[in-house]
Amino acid sequence: MEILSSYNVIIAVASIIILSFLFNGLSKKTNIPAVLMLIILGVGLQYVMNYFIEEKLDFFPILEVLGIVGLIMIVLEAALELELKREKLWPILKAFTVALVGLILSTWVAAEILMYFIEGMTISSAWLYATPLSILSSAIIIPSVSGLVQSKKEFHIYESTFSDIIGIMMFYFLSGKLDPESDGGVIGFTGNLLITIVIATVASYAIILIFQKIKSQVKLFLLIAVLLLLYAVGKKMHLSSLIIILIFGLIIANMKLFFQGKFKKFLHYEKAHHIYHELHTITAETAFVVRTFFFVIFGLTIAVASLFDLNVAIISLLIIASIYIIRFVLLRIFVGKDILPQLFIAPRGLITVLLFYAIPVEAEIAAFEPGILLFVIIGTSLIMTGAMIYDKRRSGKAVKEANSTAVGEVRWKAPSIEQE
């Protein structure tokens with residue numbers, strides 16, 4: 001097919017990356033998530049390709065690989081941002097609690113909604129379908145909250161990262177329940193988690209100690225390749241592989257904390273810190289590219305017509321409403337009265353899509369419309385957009401009022417100075 005020639009593919013790939021960069025700039029000015037623009041771009045490309053190409057292309061294998069790599073990069077990027085200090089302990093615990101309780105309650109309510117409206121939906125299938133819909137998207141949240149005050153920004157980074165990891169662990173725990181032979185129950189799951197933590201810690205120390213001695217300038221992609229290998233091997237061994245990525249990121253980002261006592265003499269801090277700094281940059285760049293193509297390809301694969309189905313709209317709106325009601329209660333309990341815009345920053349995204357496609361065949365329900373997925377992703381993203389725009393205007397107004405008050409005070413004091 002002439003349209004899919006090598007040069008046309010290169011032009012398309014380059015154009016999408018350039019557009020994604022422009023979308024990021026536009027997102028900072030308008031607070032519309034760049035991810036939403038990428039999905040819309042994908043939908044537009046879907047119609048263009050349907051017009052020029054008669055043969056239906058299967059993008060799922062690409063989508064799955066991009067999703068896995070993107071997930072690793074996003075978790076690593078978030079882990080590299082986390083500072084483990086005594087004063088950070090309470091914010092971390094608070095974010096963890098909100099993420100954990102919010103995930104469980106949202107999944108339970110969403111599962112009840114799905115069982116009520118969708119014919120043939122069993123309890124186990126409902127929980128599997130509901131889990132992806134209940135996980136926060138760090139892929140959308142982390143780039144979107146950069147303009148918030150530091151405390152709120154940190155809360156969202158912690159919360160979305162924990163939501164990703166706990167949500168994925170919960171999904172695969174529920175998937176394992178479908179297979180009695182591989183289901184180890186809570187005890188088996190806990191043992192699996194402990195083994196993962198031990199392997200992750202040992203591997204993280206080994207990687208840092210080895211890579212600080214490598215003199216070659218070309219070693220960062222080697223490091224990423226090692227992490228990808230550990231993740232894939234961990235999945236083959238049925239371990240919680242994302243924990244490996246998270247722990248490595250935490251250890252290299254907080255080396256002085258983890259290399260104390262006898263371990264301190266083995267660490268060449270300047271060399272290791274240089275690796276951390278460069279890894280931080282390349283992780284952010286890689287996450288940007290992978291995220292770009294994941295959401296564009298997702299847009300290419302979705303059926304837009306399902307959005308206009310009344311049943312899809314009712315189910316989706318009920319799930320969205322439950323998300324914010326639960327979130328409101330939790331934030332009032334653990335955060336207090338100042339819960340704007342945090343209340344409305346709860347988008348669904350990459351992991352929602354990735355886990356949806358990972359639902360086991362024995363749990364699939366033919367009556368479930370994928371449009372629910374798209375509706376919830378778009379709905380929560382638009383709500384977050386509105387909240388961010390409102391917060392930006394509110395912050396700008398507060399700054400103007402503060403400045404005008406300061407100017408007024410200066411003018412009021414000026415005559416008294418002259419009189420003296």
# chains A, B, ... in the order shown; residues from 1 in each chain; ligands from 1
>>> select_by_dssp(residues="range 226-411 of chain A", states="alpha helix (DSSP H)", output="PyMOL selection string")
chain A and resi 226-236+241-253+255-258+269-301+310-334+350-356+371-411
>>> closest_atom_pairs(of="range 301-325 of chain A", to="range 97-106 of chain A", cutoff="9 Å", atoms="only C-alpha atoms", output="CSV")
residue,atom,partner,partner_atom,distance
A:Ile319,CA,A:Ser106,CA,8.2
A:Ser322,CA,A:Ser106,CA,6.8
A:Ile323,CA,A:Ser106,CA,5.9
>>> residues_around(residues="range 293-305 of chain A", least_positions_apart="6", cutoff="8 Å", atoms="only C-alpha atoms", output="PyMOL selection string")
chain A and resi 16+35+38-46+59-60+63+66-67+70+350+370-371+374
>>> closest_residue(among="A:Ile113, A:Ala387, A:Ile245, A:Ile345", to="Ser138 in chain A", atoms="only C-alpha atoms")
A:Ile345
>>> closest_atom_pairs(of="range 262-356 of chain A", to="range 127-137 of chain A", cutoff="12 Å", atoms="only C-alpha atoms", output="CSV")
residue,atom,partner,partner_atom,distance
A:Arg291,CA,A:Ser137,CA,11.6
A:Ile315,CA,A:Ala130,CA,11.6
A:Ser316,CA,A:Leu133,CA,9.8
A:Ile319,CA,A:Leu133,CA,8.4
A:Ile320,CA,A:Leu133,CA,9.3
A:Ser322,CA,A:Ser134,CA,10.1
A:Ile323,CA,A:Ser134,CA,7.6
A:Tyr324,CA,A:Ser134,CA,11.0
A:Ile326,CA,A:Ser134,CA,11.1
A:Arg327,CA,A:Ser134,CA,11.1
A:Phe344,CA,A:Leu136,CA,11.4
A:Ile345,CA,A:Leu136,CA,8.8
A:Ala346,CA,A:Leu136,CA,5.8
A:Pro347,CA,A:Ser137,CA,5.8
A:Arg348,CA,A:Ser137,CA,4.9
A:Gly349,CA,A:Ser137,CA,5.0
A:Leu350,CA,A:Ser137,CA,6.4
A:Ile351,CA,A:Ser137,CA,6.7
A:Thr352,CA,A:Pro132,CA,4.3
A:Val353,CA,A:Pro132,CA,7.3
A:Leu354,CA,A:Pro132,CA,8.2
A:Leu355,CA,A:Pro132,CA,5.9
A:Phe356,CA,A:Pro132,CA,6.3
>>> write_last_selection(atoms="N, CA and C atoms", output="tab-separated table (two decimals), in the first residue's frame")
chain	number	residue	atom	x	y	z
A	291	ARG	N	3.94	7.87	25.58
A	291	ARG	CA	2.60	8.34	25.92
A	291	ARG	C	1.91	8.91	24.68
A	315	ILE	N	-24.59	4.52	32.34
A	315	ILE	CA	-23.61	3.76	33.14
A	315	ILE	C	-22.38	4.62	33.43
A	316	SER	N	-21.88	5.29	32.39
A	316	SER	CA	-20.66	6.11	32.52
A	316	SER	C	-20.87	7.28	33.49
A	319	ILE	N	-20.94	6.08	37.07
A	319	ILE	CA	-19.59	5.76	37.54
A	319	ILE	C	-18.80	7.04	37.83
A	320	ILE	N	-18.91	8.01	36.94
A	320	ILE	CA	-18.21	9.29	37.13
A	320	ILE	C	-18.71	9.99	38.40
A	322	SER	N	-20.03	8.60	41.05
A	322	SER	CA	-19.56	7.86	42.23
A	322	SER	C	-18.09	8.17	42.53
A	323	ILE	N	-17.30	8.38	41.48
A	323	ILE	CA	-15.87	8.70	41.66
A	323	ILE	C	-15.71	9.96	42.48
A	324	TYR	N	-16.47	11.01	42.13
A	324	TYR	CA	-16.29	12.30	42.80
A	324	TYR	C	-16.97	12.37	44.16
A	326	ILE	N	-17.20	9.77	46.29
A	326	ILE	CA	-16.24	9.05	47.16
A	326	ILE	C	-15.01	9.91	47.42
A	327	ARG	N	-14.53	10.56	46.37
A	327	ARG	CA	-13.33	11.40	46.49
A	327	ARG	C	-13.58	12.59	47.41
A	344	PHE	N	-11.36	17.40	41.84
A	344	PHE	CA	-11.72	17.11	40.44
A	344	PHE	C	-10.54	16.60	39.61
A	345	ILE	N	-9.38	16.44	40.23
A	345	ILE	CA	-8.24	15.89	39.50
A	345	ILE	C	-8.22	14.38	39.72
A	346	ALA	N	-9.02	13.68	38.94
A	346	ALA	CA	-9.15	12.22	39.07
A	346	ALA	C	-9.38	11.59	37.69
A	347	PRO	N	-8.54	11.94	36.70
A	347	PRO	CA	-8.75	11.40	35.35
A	347	PRO	C	-8.37	9.93	35.24
A	348	ARG	N	-8.97	9.26	34.29
A	348	ARG	CA	-8.58	7.89	33.94
A	348	ARG	C	-7.85	7.95	32.61
A	349	GLY	N	-6.94	6.97	32.37
A	349	GLY	CA	-6.15	7.06	31.13
A	349	GLY	C	-5.43	5.79	30.76
A	350	LEU	N	-4.10	5.87	30.67
A	350	LEU	CA	-3.29	4.81	30.11
A	350	LEU	C	-3.52	3.45	30.77
A	351	ILE	N	-3.47	3.40	32.09
A	351	ILE	CA	-3.60	2.11	32.79
A	351	ILE	C	-5.02	1.57	32.65
A	352	THR	N	-6.01	2.47	32.61
A	352	THR	CA	-7.40	2.05	32.39
A	352	THR	C	-7.52	1.28	31.09
A	353	VAL	N	-6.92	1.83	30.04
A	353	VAL	CA	-6.97	1.18	28.71
A	353	VAL	C	-6.16	-0.11	28.72
A	354	LEU	N	-4.96	-0.04	29.27
A	354	LEU	CA	-4.05	-1.19	29.26
A	354	LEU	C	-4.67	-2.39	29.98
A	355	LEU	N	-5.23	-2.16	31.17
A	355	LEU	CA	-5.81	-3.26	31.94
A	355	LEU	C	-7.11	-3.77	31.32
A	356	PHE	N	-7.84	-2.88	30.67
A	356	PHE	CA	-9.08	-3.31	30.01
A	356	PHE	C	-8.77	-4.38	28.96
>>> closest_residue(among="A:Ile168, A:Leu178, A:Glu362, A:Leu239", to="Thr190 in chain A", atoms="only C-alpha atoms")
A:Leu239
>>> closest_residue(among="A:Gly147, A:Ala78, A:Pro61, A:Val226", to="Ile389 in chain A", atoms="only C-alpha atoms")
A:Gly147
>>> residues_around(residues="Leu227 in chain A", least_positions_apart="6", cutoff="10 Å", atoms="only C-alpha atoms", output="ChimeraX atom specification")
/A:72-73,76,203-204,207,221,233,241,244-245,248
>>> atom_distance(atom1="CA of Ile118 in chain A", atom2="CA of Leu317 in chain A")
14.7 Å
>>> residues_around(residues="Ile365 in chain A", least_positions_apart="5", cutoff="10 Å", atoms="only C-alpha atoms", output="ChimeraX atom specification")
/A:118-122,125-126,129,359
